[in-house]
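Asks: Here you go, upload_39.cif (mmCIF, C-alpha atoms):
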```cif
data_work
#
loop_
_atom_site.label_atom_id
_atom_site.label_comp_id
_atom_site.auth_asym_id
_atom_site.auth_seq_id
_atom_site.Cartn_x
_atom_site.Cartn_y
_atom_site.Cartn_z
CA MET A 546 159.28 242.33 41.27
CA LYS A 547 159.59 246.04 40.56
CA LYS A 548 163.23 245.59 39.61
CA ALA A 549 162.32 242.88 37.12
CA GLU A 550 159.84 245.23 35.45
CA LYS A 551 162.39 248.01 35.26
CA ILE A 552 164.84 245.67 33.59
CA ARG A 553 162.23 244.63 31.06
CA GLU A 554 161.68 248.29 30.29
CA GLY A 555 165.39 248.52 29.57
CA ASP A 556 166.48 250.50 32.64
CA VAL A 557 170.26 250.42 32.42
CA ARG A 558 171.01 251.24 36.03
CA THR A 559 168.77 248.53 37.45
CA ALA A 560 170.11 245.96 35.01
CA THR A 561 173.75 246.71 35.54
CA ARG A 562 173.34 246.95 39.32
CA LEU A 563 171.75 243.52 39.34
CA ILE A 564 174.65 242.11 37.31
CA ARG A 565 176.98 243.63 39.82
CA ASN A 566 175.13 242.22 42.81
CA LEU A 567 175.21 238.80 41.16
CA GLU A 568 178.96 239.15 40.60
CA ASP A 569 179.37 240.10 44.24
CA ARG A 570 177.17 237.11 45.09
CA LEU A 571 174.58 238.90 47.15
CA PRO A 572 171.90 236.30 47.94
CA GLU A 573 168.97 238.69 47.33
CA ALA A 574 170.11 239.22 43.73
CA LYS A 575 169.01 235.69 42.91
CA THR A 576 165.48 236.56 43.99
CA THR A 577 165.17 239.23 41.30
CA LEU A 578 166.46 236.74 38.79
CA LYS A 579 163.53 234.46 39.57
CA HIS A 580 161.14 237.16 38.39
CA ILE A 581 163.17 237.77 35.26
CA PHE A 582 163.44 234.18 34.17
CA PRO A 583 160.02 233.87 32.50
CA TYR A 584 160.97 236.68 30.10
CA THR A 585 164.19 235.11 28.88
CA GLY A 586 164.96 232.70 26.08
CA LYS A 587 164.32 235.02 23.15
CA ALA A 588 167.78 236.31 22.25
CA HIS A 589 170.29 234.72 19.93
CA ILE A 590 173.42 234.20 22.01
CA VAL A 591 176.71 234.31 20.14
CA GLY A 592 179.96 233.27 21.83
CA ILE A 593 183.32 234.56 20.61
CA THR A 594 186.47 232.85 21.78
CA GLY A 595 190.07 232.48 20.65
CA SER A 596 193.60 233.21 21.72
CA PRO A 597 194.65 236.55 23.26
CA GLY A 598 195.31 239.16 20.61
CA ALA A 599 193.39 237.26 17.93
CA GLY A 600 191.17 240.31 17.43
CA LYS A 601 188.01 239.19 19.23
CA SER A 602 187.05 242.67 20.42
CA THR A 603 187.61 244.27 17.03
CA LEU A 604 185.47 241.57 15.47
CA THR A 605 182.79 242.04 18.13
CA ASP A 606 182.78 245.76 17.40
CA ALA A 607 182.34 245.13 13.67
CA LEU A 608 179.56 242.62 14.34
CA ILE A 609 177.71 245.15 16.50
CA THR A 610 177.74 247.54 13.52
CA SER A 611 176.48 244.82 11.20
CA PHE A 612 173.61 243.83 13.52
CA ARG A 613 172.67 247.45 14.10
CA GLU A 614 172.46 248.03 10.36
CA LYS A 615 169.82 245.31 10.37
CA LYS A 616 168.01 247.20 13.14
CA ARG A 617 168.69 244.56 15.73
CA THR A 618 169.46 245.49 19.32
CA VAL A 619 172.70 244.18 20.75
CA GLY A 620 174.02 243.28 24.19
CA VAL A 621 177.68 242.50 24.81
CA LEU A 622 179.32 240.77 27.75
CA ALA A 623 183.09 241.15 27.54
CA VAL A 624 185.07 238.98 29.93
CA ASP A 625 188.66 239.68 31.01
CA PRO A 626 190.86 237.88 33.52
CA THR A 627 191.10 238.61 37.22
CA SER A 628 194.54 238.70 38.82
CA PRO A 629 195.01 235.59 40.95
CA PHE A 630 197.22 237.60 43.29
CA THR A 631 195.44 240.88 43.93
CA GLY A 632 191.89 240.08 42.78
CA GLY A 633 192.04 243.14 40.55
CA ALA A 634 191.35 243.25 36.84
CA ILE A 635 191.81 245.50 33.84
CA LEU A 636 188.74 245.32 31.68
CA GLY A 637 189.94 246.75 28.39
CA ASP A 638 187.84 245.13 25.67
CA ARG A 639 185.45 248.04 25.71
CA ILE A 640 188.07 250.34 24.17
CA ARG A 641 187.43 248.82 20.75
CA MET A 642 183.68 249.15 21.05
CA GLN A 643 183.41 252.67 22.41
CA ARG A 644 182.02 254.10 19.18
CA HIS A 645 178.77 252.36 20.07
CA ALA A 646 178.63 254.01 23.49
CA GLU A 647 176.16 256.62 22.29
CA ASP A 648 173.82 254.12 20.63
CA SER A 649 171.12 253.43 23.21
CA GLU A 650 170.27 250.11 21.55
CA VAL A 651 173.73 248.74 22.35
CA PHE A 652 174.50 247.69 25.91
CA ILE A 653 178.06 246.68 26.75
CA ARG A 654 179.12 245.31 30.12
CA SER A 655 182.60 244.11 31.11
CA LEU A 656 183.02 241.27 33.56
CA ALA A 657 186.08 239.92 35.32
CA THR A 658 186.54 236.15 35.60
CA ARG A 659 186.96 236.37 39.39
CA GLY A 660 188.73 233.05 39.57
CA ALA A 661 186.23 231.04 37.55
CA LEU A 662 187.76 228.47 35.25
CA GLY A 663 186.79 227.95 31.64
CA GLY A 664 187.22 231.47 30.30
CA LEU A 665 184.04 232.96 31.71
CA SER A 666 182.87 234.61 34.88
CA LYS A 667 180.42 232.72 37.07
CA ALA A 668 177.94 235.54 36.62
CA VAL A 669 177.91 235.28 32.82
CA GLY A 670 174.97 232.89 32.64
CA ASP A 671 172.86 235.16 34.83
CA ALA A 672 174.01 238.30 33.00
CA VAL A 673 172.91 236.72 29.72
CA HIS A 674 169.42 236.29 31.20
CA ILE A 675 169.34 239.94 32.22
CA LEU A 676 170.31 241.21 28.76
CA ASP A 677 167.80 238.79 27.28
CA ALA A 678 165.03 240.16 29.50
CA MET A 679 166.07 243.70 28.50
CA GLY A 680 164.99 242.69 25.01
CA LYS A 681 168.33 242.51 23.25
CA ASP A 682 167.96 240.58 19.98
CA VAL A 683 171.55 239.42 19.87
CA ILE A 684 173.83 238.88 22.86
CA ILE A 685 177.54 238.55 22.19
CA VAL A 686 179.63 236.87 24.88
CA GLU A 687 183.33 237.49 24.42
CA THR A 688 185.47 235.22 26.57
CA VAL A 689 188.97 235.80 27.88
CA GLY A 690 191.75 234.94 25.46
CA ALA A 691 191.21 231.23 25.26
CA GLY A 692 193.73 228.51 25.81
CA GLN A 693 192.97 224.91 25.07
CA GLN A 694 190.59 224.46 27.93
CA GLU A 695 188.56 227.69 27.81
CA VAL A 696 185.52 226.08 26.28
CA GLU A 697 182.81 226.94 28.78
CA VAL A 698 181.23 229.43 26.41
CA VAL A 699 179.70 226.48 24.60
CA ASN A 700 177.35 226.05 27.56
CA HIS A 701 176.02 229.58 27.20
CA ALA A 702 175.93 230.28 23.46
CA HIS A 703 173.80 229.09 20.58
CA THR A 704 176.51 229.90 18.07
CA VAL A 705 180.20 229.68 18.93
CA ILE A 706 182.80 231.52 16.87
CA VAL A 707 186.43 230.49 17.31
CA VAL A 708 188.85 233.19 16.17
CA MET A 709 192.33 232.10 15.14
CA VAL A 710 195.32 233.91 13.72
CA PRO A 711 198.06 232.53 11.48
CA GLY A 712 201.39 231.63 12.98
CA MET A 713 200.22 230.63 16.43
CA GLY A 714 199.54 226.93 16.22
CA ASP A 715 200.72 223.73 14.65
CA GLU A 716 199.24 220.52 13.39
CA ILE A 717 199.03 218.94 16.82
CA GLN A 718 197.09 221.89 18.26
CA VAL A 719 194.43 221.49 15.62
CA MET A 720 194.09 217.81 16.56
CA LYS A 721 193.76 218.31 20.30
CA ALA A 722 190.50 218.17 22.18
CA GLY A 723 188.96 221.41 23.34
CA ILE A 724 188.69 224.72 21.60
CA MET A 725 188.62 223.35 18.05
CA GLU A 726 185.67 221.11 18.80
CA ILE A 727 183.33 223.79 20.02
CA ALA A 728 183.36 225.97 16.90
CA ASP A 729 180.22 226.45 14.84
CA ILE A 730 182.11 228.97 12.74
CA PHE A 731 185.86 229.41 12.39
CA VAL A 732 187.33 232.82 11.70
CA ILE A 733 190.91 233.17 10.56
CA ASN A 734 191.60 236.76 11.48
CA LYS A 735 194.53 238.83 10.23
CA ALA A 736 194.48 236.57 7.19
CA ASP A 737 196.89 238.86 5.36
CA ARG A 738 199.63 237.38 7.50
CA GLU A 739 201.94 234.62 6.45
CA GLY A 740 200.61 231.14 7.13
CA ALA A 741 196.93 231.97 6.72
CA GLN A 742 196.41 229.59 3.83
CA GLN A 743 198.20 226.85 5.75
CA LEU A 744 196.00 227.36 8.78
CA TYR A 745 192.95 227.27 6.52
CA SER A 746 194.06 223.97 5.03
CA LEU A 747 194.71 222.51 8.49
CA ILE A 748 191.25 223.36 9.72
CA GLU A 749 189.63 222.07 6.55
CA ALA A 750 191.64 218.86 6.79
CA MET A 751 190.53 218.42 10.38
CA LEU A 752 186.90 218.97 9.37
CA ASN A 753 187.27 216.48 6.53
CA MET A 754 188.23 213.82 9.04
CA ALA A 755 185.05 214.25 11.07
CA HIS A 756 182.64 211.36 10.47
CA ASP A 757 179.55 213.42 10.71
CA PHE A 758 178.42 216.82 11.90
CA PRO A 759 175.52 217.07 14.33
CA GLY A 760 172.51 218.06 12.29
CA GLY A 761 174.62 218.29 9.18
CA TRP A 762 176.23 221.66 9.99
CA ARG A 763 179.81 221.72 8.81
CA PRO A 764 181.54 224.70 10.46
CA PRO A 765 182.50 227.19 7.76
CA VAL A 766 185.95 228.78 7.83
CA ILE A 767 185.96 232.50 7.08
CA MET A 768 189.16 234.35 6.33
CA VAL A 769 189.04 237.94 7.52
CA GLU A 770 191.71 240.05 5.92
CA ASN A 771 193.59 243.09 7.00
CA VAL A 772 191.54 245.10 9.42
CA PHE A 773 193.19 248.24 8.03
CA GLU A 774 191.45 247.72 4.71
CA PRO A 775 187.95 248.89 5.60
CA VAL A 776 186.05 247.76 2.47
CA SER A 777 187.14 244.13 2.38
CA PHE A 778 187.00 243.90 6.19
CA LYS A 779 183.43 245.10 6.17
CA GLU A 780 182.49 242.59 3.48
CA LYS A 781 184.03 239.73 5.42
CA VAL A 782 182.28 240.75 8.61
CA GLU A 783 179.02 240.84 6.68
CA GLU A 784 179.71 237.32 5.49
CA LEU A 785 180.33 236.27 9.09
CA SER A 786 177.18 238.02 10.27
CA LEU A 787 175.11 236.16 7.64
CA LYS A 788 176.70 232.85 8.64
CA ILE A 789 175.75 233.53 12.25
CA ASP A 790 172.12 234.01 11.18
CA GLU A 791 172.28 230.95 8.98
CA HIS A 792 173.56 228.86 11.87
CA TYR A 793 170.78 230.03 14.13
CA GLN A 794 168.18 229.20 11.49
CA HIS A 795 169.79 225.81 11.15
CA LEU A 796 169.53 225.29 14.92
CA THR A 797 165.93 226.38 15.17
CA GLY A 798 164.96 224.28 12.16
CA SER A 799 166.29 221.09 13.73
CA GLN A 800 166.59 219.16 16.95
CA LEU A 801 169.91 220.91 17.62
CA LEU A 802 168.53 223.94 19.42
CA GLY A 803 166.74 221.65 21.85
CA ASP A 804 169.99 219.76 22.49
CA ARG A 805 171.88 222.97 23.21
CA LEU A 806 169.20 224.33 25.48
CA ARG A 807 169.18 221.06 27.39
CA ARG A 808 172.94 221.21 27.89
CA LYS A 809 172.69 224.81 29.04
CA THR A 810 169.86 223.91 31.41
CA ILE A 811 171.84 221.06 32.97
CA VAL A 812 174.73 223.45 33.66
CA GLU A 813 172.33 225.97 35.16
CA ILE A 814 170.73 223.47 37.50
CA ASN A 815 174.14 222.26 38.59
CA GLU A 816 175.25 225.80 39.34
CA ALA A 817 172.07 226.66 41.17
CA LEU A 818 172.36 223.54 43.35
CA ARG A 819 175.91 224.50 44.16
CA ASP A 820 174.82 228.02 45.06
CA PHE A 821 172.00 226.89 47.31
CA ILE A 822 173.55 223.79 48.87
CA LEU A 823 177.33 224.08 48.85
CA GLU A 824 177.59 227.83 49.37
CA PRO A 825 175.59 228.02 52.63
CA VAL A 826 177.51 225.05 54.03
CA LEU A 827 180.82 226.67 53.13
CA ARG A 828 179.66 229.95 54.65
CA ASP A 829 178.77 228.11 57.84
CA LEU A 830 182.09 226.34 58.02
CA VAL A 831 184.02 229.54 57.44
CA THR A 832 182.13 231.64 59.99
CA SER A 833 182.28 228.94 62.68
CA GLY A 834 186.02 228.59 62.12
CA GLU A 835 185.65 224.93 61.27
CA PHE A 836 187.00 225.52 57.77
CA ASP A 837 190.28 226.81 59.17
CA CYS A 838 190.52 223.79 61.47
CA MET A 839 190.04 221.51 58.48
CA VAL A 840 192.81 223.30 56.60
CA GLU A 841 195.08 222.90 59.63
CA LYS A 842 194.34 219.21 59.96
CA LEU A 843 195.04 218.62 56.31
CA THR A 844 198.29 220.54 56.19
CA HIS A 845 199.55 218.53 59.16
CA ARG A 846 198.34 215.32 57.55
CA GLU A 847 196.11 214.55 60.52
CA SER A 848 193.24 213.76 58.19
CA ASP A 849 192.41 213.59 54.51
CA PRO A 850 189.97 215.62 52.40
CA TYR A 851 187.55 212.72 51.94
CA THR A 852 187.14 211.95 55.63
CA LEU A 853 186.59 215.62 56.40
CA ALA A 854 184.06 216.02 53.61
CA GLU A 855 182.23 212.87 54.73
CA GLU A 856 181.93 214.23 58.26
CA VAL A 857 180.46 217.47 57.01
CA ALA A 858 178.12 215.69 54.60
CA ARG A 859 176.88 213.34 57.33
CA ARG A 860 176.02 216.29 59.53
CA TYR A 861 174.26 218.39 56.89
CA LEU A 862 172.50 215.71 54.92
CA LYS A 863 171.08 214.01 58.02
CA GLU A 864 167.95 216.14 58.13
CA SER A 865 166.84 215.31 54.65
CA HIS A 866 166.77 211.56 55.26
CA MET B 832 180.41 234.36 49.55
CA ALA B 833 179.38 237.96 49.17
CA GLN B 834 182.27 240.29 48.76
CA ARG B 835 181.86 243.75 47.38
CA LYS B 836 184.39 244.66 44.76
CA ILE B 837 185.34 248.25 43.94
CA ARG B 838 184.78 249.07 40.26
CA VAL B 839 186.41 252.13 38.75
CA MET B 840 186.66 253.60 35.28
CA VAL B 841 189.72 255.40 33.97
CA ALA B 842 188.99 257.60 30.97
CA LYS B 843 190.62 260.26 28.87
CA PRO B 844 188.19 262.84 27.54
CA GLY B 845 188.95 265.13 24.62
CA LEU B 846 191.67 265.26 22.06
CA ASP B 847 194.69 264.62 24.22
CA GLY B 848 196.33 261.33 23.29
CA HIS B 849 198.86 261.01 26.09
CA ASP B 850 197.58 258.14 28.15
CA ARG B 851 200.68 256.87 29.85
CA GLY B 852 199.69 258.34 33.19
CA ALA B 853 196.17 256.98 32.87
CA ARG B 854 197.49 253.52 32.07
CA VAL B 855 199.89 253.59 35.01
CA LEU B 856 197.02 254.56 37.26
CA ALA B 857 194.78 251.82 35.81
CA ARG B 858 197.48 249.27 36.49
CA CYS B 859 197.95 250.61 39.98
CA PHE B 860 194.21 250.29 40.69
CA ARG B 861 194.38 246.71 39.46
CA GLU B 862 197.23 246.04 41.89
CA ALA B 863 195.01 247.43 44.62
CA GLY B 864 192.43 244.75 43.80
CA PHE B 865 189.92 246.97 41.99
CA GLU B 866 188.16 246.09 38.77
CA VAL B 867 189.26 248.75 36.32
CA ILE B 868 187.45 249.58 33.11
CA TYR B 869 189.77 251.41 30.78
CA THR B 870 188.09 253.15 27.87
CA GLY B 871 191.10 254.65 26.11
CA CYS B 872 191.76 258.08 24.60
CA HIS B 873 189.64 260.55 22.66
CA GLN B 874 186.40 259.97 24.53
CA SER B 875 183.53 262.42 24.49
CA PRO B 876 181.91 263.20 27.86
CA GLU B 877 178.79 261.47 26.52
CA GLN B 878 180.71 258.26 25.78
CA ILE B 879 182.32 258.34 29.21
CA ALA B 880 179.06 258.91 31.06
CA THR B 881 177.26 256.14 29.17
CA ALA B 882 180.09 253.68 29.73
CA ALA B 883 180.15 254.53 33.45
CA MET B 884 176.41 253.84 33.66
CA GLN B 885 176.57 250.57 31.73
CA GLU B 886 179.52 249.34 33.75
CA ASP B 887 178.00 250.45 37.07
CA VAL B 888 181.29 251.84 38.36
CA ASP B 889 181.70 253.46 41.76
CA LEU B 890 184.13 256.04 40.50
CA VAL B 891 185.29 257.68 37.29
CA GLY B 892 188.86 258.94 37.09
CA LEU B 893 189.33 261.49 34.31
CA SER B 894 192.74 262.43 32.98
CA CYS B 895 193.42 265.47 30.86
CA LEU B 896 196.71 267.05 29.88
CA SER B 897 195.48 269.38 27.13
CA GLY B 898 193.98 272.16 29.19
CA ALA B 899 190.38 271.36 28.28
CA HIS B 900 189.56 270.06 31.76
CA ARG B 901 187.52 273.17 32.62
CA HIS B 902 185.02 272.21 29.96
CA LEU B 903 185.26 268.40 29.86
CA PHE B 904 185.33 267.41 33.54
CA PRO B 905 182.19 269.31 34.63
CA LYS B 906 180.39 268.03 31.54
CA VAL B 907 180.88 264.41 32.64
CA VAL B 908 179.54 265.20 36.13
CA GLU B 909 176.56 266.99 34.60
CA LEU B 910 175.70 264.09 32.25
CA LEU B 911 175.85 261.57 35.08
CA ARG B 912 173.59 263.78 37.16
CA GLU B 913 171.10 264.13 34.29
CA GLN B 914 170.84 260.35 34.09
CA GLY B 915 170.29 259.97 37.81
CA ALA B 916 173.78 258.67 38.50
CA GLU B 917 175.04 261.48 40.72
CA ASP B 918 176.26 258.84 43.17
CA ILE B 919 179.11 257.93 40.82
CA ILE B 920 182.14 259.78 42.18
CA VAL B 921 184.18 261.75 39.65
CA ILE B 922 187.82 262.65 40.24
CA GLY B 923 190.25 264.38 37.91
CA GLY B 924 193.93 264.36 37.18
CA GLY B 925 196.49 265.80 34.80
CA ILE B 926 197.90 269.23 34.14
CA ILE B 927 195.51 271.31 36.18
CA PRO B 928 196.48 274.77 37.45
CA ASP B 929 195.78 275.51 41.11
CA GLU B 930 193.42 278.34 40.23
CA ASP B 931 191.07 275.87 38.49
CA PHE B 932 190.63 273.63 41.53
CA LYS B 933 187.85 275.65 43.07
CA MET B 934 185.86 275.77 39.85
CA LEU B 935 186.16 271.99 39.41
CA TYR B 936 185.17 271.25 43.00
CA ASN B 937 182.18 273.53 42.60
CA ALA B 938 181.25 271.63 39.46
CA GLY B 939 181.06 268.43 41.50
CA LEU B 940 184.47 266.82 41.22
CA LYS B 941 185.44 265.17 44.48
CA ALA B 942 189.24 265.22 44.17
CA ILE B 943 191.99 266.51 41.87
CA PHE B 944 195.40 264.88 41.57
CA THR B 945 198.20 266.59 39.67
CA PRO B 946 201.56 265.22 38.46
CA GLY B 947 203.67 264.10 41.39
CA ALA B 948 200.75 262.84 43.44
CA PRO B 949 201.89 259.49 44.86
CA LEU B 950 199.89 256.57 43.44
CA ALA B 951 199.44 255.17 46.94
CA THR B 952 197.73 258.41 47.97
CA ILE B 953 195.24 258.11 45.12
CA VAL B 954 194.47 254.47 45.93
CA GLU B 955 194.05 255.37 49.60
CA TRP B 956 191.68 258.18 48.67
CA VAL B 957 189.55 255.79 46.63
CA ARG B 958 189.46 253.23 49.43
CA ASN B 959 188.35 255.88 51.89
CA HIS B 960 185.66 257.40 49.70
CA VAL B 961 184.11 254.50 47.85
CA VAL B 962 181.43 252.44 49.49
CA PRO B 963 180.08 249.89 47.00
CA ARG B 964 176.30 250.13 46.86
CA SER B 965 173.65 247.48 46.36
#
```
Output the structure of this file as C-alpha cells.
Replies:
Amino acid sequence: MKKAEKIREGDVRTATRLIRNLEDRLPEAKTTLKHIFPYTGKAHIVGITGSPGAGKSTLTDALITSFREKKRTVGVLAVDPTSPFTGGAILGDRIRMQRHAEDSEVFIRSLATRGALGGLSKAVGDAVHILDAMGKDVIIVETVGAGQQEVEVVNHAHTVIVVMVPGMGDEIQVMKAGIMEIADIFVINKADREGAQQLYSLIEAMLNMAHDFPGGWRPPVIMVENVFEPVSFKEKVEELSLKIDEHYQHLTGSQLLGDRLRRKTIVEINEALRDFILEPVLRDLVTSGEFDCMVEKLTHRESDPYTLAEEVARRYLKESH
Amino acid sequence: MAQRKIRVMVAKPGLDGHDRGARVLARCFREAGFEVIYTGCHQSPEQIATAAMQEDVDLVGLSCLSGAHRHLFPKVVELLREQGAEDIIVIGGGIIPDEDFKMLYNAGLKAIFTPGAPLATIVEWVRNHVVPRS
C-alpha cells in the first residue's frame, strides 16, 4: 500500500523498481499493482509504431517538447528487442530523448521485449498503469521497429501513430492486413526523400477504398519533412500533436473510447488469467521435472502435445469441478 | 517465471565524442545477456544520473577519453547519492592515469578499466559485483 502511495506522489525509484519487478515477473509486484489500479485510467496513451529507422524516437522526442510546451506531463515507454540467443538487449531509443533528462515532468523508461511477440514487452500494459498513476498526462509507447505483425500496441493505446518512410514498401504492402489497419494517424517521415508523394497517394488510395471509418474518423496522413530543417519540422510536429489531441477528443466524444477500453480490458483479463493459472502450473511442472519428461516424450514421438496437455489439465482442473 | 535480469547503463559524460569503446562494451554486455541502456555522447552528469534512476539500472559504466574524468566521474556518484541511489554501482573506463585511481576510488567508483582491459574481465567483474535488488 505504501508503495502505491509513493508512486502516486511521483517517486521515481519506487515506480521504476516496480516496473523492473514486473519485468522480472516477481509475484509480489502484482500485489502493488492492485493498489495502483484505482488511480489509473486518466492518461492519454499514444502508441508509436513503424519500421526500424523510420524515425520513431526522433518523433517521440519532438512530441515530448510539444506536449511540454502545453504544460502537460509526459511518460515514455520505449521498447527495443531482446536477443533470442543471449537474452541481452541494447536499449538505445533514449539517446534521442536525452535532452529531456533534466525535466522532472518527463519520465522515460526503456523496456526490452524479452521474447514477447507483437512488438511490445509483456510488462508494457502494467508499466502504462504505473505511469498513469504517477499522474502523467500523456504516455507515449514506442514499440520495436514494426514488421507486418507488430500490431499489439493497438491493445494498449488510445491513439496509434504509424510512421512510414518513402522507399520501403510497395503497393502490396499497403494492401496487406496488419500494421496499416491499426493507424489512427499516418506519418510519412523523411518526406524530403524520393517517393514520398507516391507513398502519400498509396495511403490515400487505400483509405479511399475503406467503406466506412469507425466513428467517422478518417486517419489523416501527415508528411514530416527533413528533420534537419528545424522550423518546418517543428511546425509539422505541432500539426501532429494537434491531430493527436483531436483524435482523443473524437474518441471521448463518441462510443469509440468505450470500445477501445473494452478491447484493452479483454486483453488484460486474458493476460491476468494466464499469469495466475498457467504460470503456476508451468512453474510446478518445471520444478518437479515433469516438464523435461514431457519434452523428452515429445521429441521421441512417444506422445503428442495434446495428450500431454490433457493429462495436465485433468489433474489441475479436477479440484474446481 | 521470475528471473532477475542485470540492467546496466553505458554513458559518455562530457565533451569527448569518441564512443567506439563504449559501443563495443555495450555490445559485449548485450552478448553477456544484460539489458544495456546506451545514452550516447556529450552527457552531463545530471543527465546520466537521472537516466540511471529512471531506468533503475544496477550499474553505470562511464567512459571518458578527454581527461575530464577527475571532475565528471565523482560528480555522477555524488548526484546518485544525493537522490538516494547510492546502491547503483559506478565504474569508469578510458584514458585514466594510474595516479588518478586512488582519487576516483575514494570518490566512490568501484572499478576502473583502462585500454587493454579484456572485455571478458569487465563482464566477469559485473557478474561478480551486481546483485539485482527487489
Asks: Pull the closest atom pair for each residue of chain B that gets at most 6 Å from chain A, along with the distance in Å to one decimal, counting all atoms listed in the file, ordering rows by chain and then ascending residue number, as a tab-separated table.
Replies:
```
residue	atom	partner	partner_atom	distance
B:Ala833	CA	A:Arg570	CA	4.7
B:Gln834	CA	A:Asp569	CA	5.4
B:Arg835	CA	A:Asp569	CA	5.4
B:Arg861	CA	A:Gly633	CA	4.4
B:Glu862	CA	A:Thr631	CA	5.8
B:Gly864	CA	A:Gly633	CA	3.6
B:Phe865	CA	A:Gly633	CA	4.6
B:Glu866	CA	A:Ala634	CA	4.7
B:Val867	CA	A:Ile635	CA	4.8
B:Ile868	CA	A:Leu636	CA	4.7
B:Tyr869	CA	A:Gly637	CA	5.2
B:Thr870	CA	A:Ile640	CA	4.6
B:Gly871	CA	A:Ile640	CA	5.6
B:Gln878	CA	A:Ala646	CA	5.3
B:Glu886	CA	A:Arg654	CA	5.4
B:Asp887	CA	A:Thr561	CA	5.9
```
Asks: For the atom pair atom CA of A:Ile767 and atom CA of A:Val686, what is the interatomic distance in Å to one decimal place?
Replies: 19.4 Å
Asks: For the provided coordinates, the residues matched by the PyMOL selection byres ((chain A and resi 581-586) around 12) should be stated as a VMD selection string.
Replies: chain A and resid 546 to 554 560 563 574 to 580 587 to 590 670 to 684 701 to 703 802 to 803 806 809 to 810
Asks: So that I can check the surroundings of B:Ile922, please list as a ChimeraX atom specification every protein, DNA and RNA residue that reaches within 6 Å of it, counting all atoms listed in the file and ignoring chain neighbours fewer than 6 positions away.
Replies: /B:892,940-943
Asks: Using only C-alpha atoms, which protein or nucleic acid residues come within 12 Å of A:Asn734? Drop anything in the same chain fewer than 4 positions from it, and give the result as a PyMOL selection string.
Replies: chain A and resi 595-596+598-604+706-713+738-742+744-745+766-772+778+781-782+785
Asks: Just how far from atom CA of B:Leu911 is atom CA of B:Ala899, in Å to one decimal?
Replies: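 We find that atom CA of B:Ala899 and atom CA of B:Leu911 lie 18.8 Å from each other.
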Asks: Hey, can you check how far atom CA of B:Ser894 sits from atom CA of B:Gly915?
Replies: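 A separation of 23.1 Å between them.
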Asks: Applying 9 Å and only C-alpha atoms, which residues near B:Ile920 remain after dropping the ones on its own chain fewer than 4 positions away? List them as a list of chain:residue names.
Replies: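 Residues meeting the cut-off are B:Val888, B:Asp889, B:Leu890, B:Val891, B:Gly892, B:Val908, B:Gly939, B:Leu940, B:Lys941, B:His960, B:Val961.
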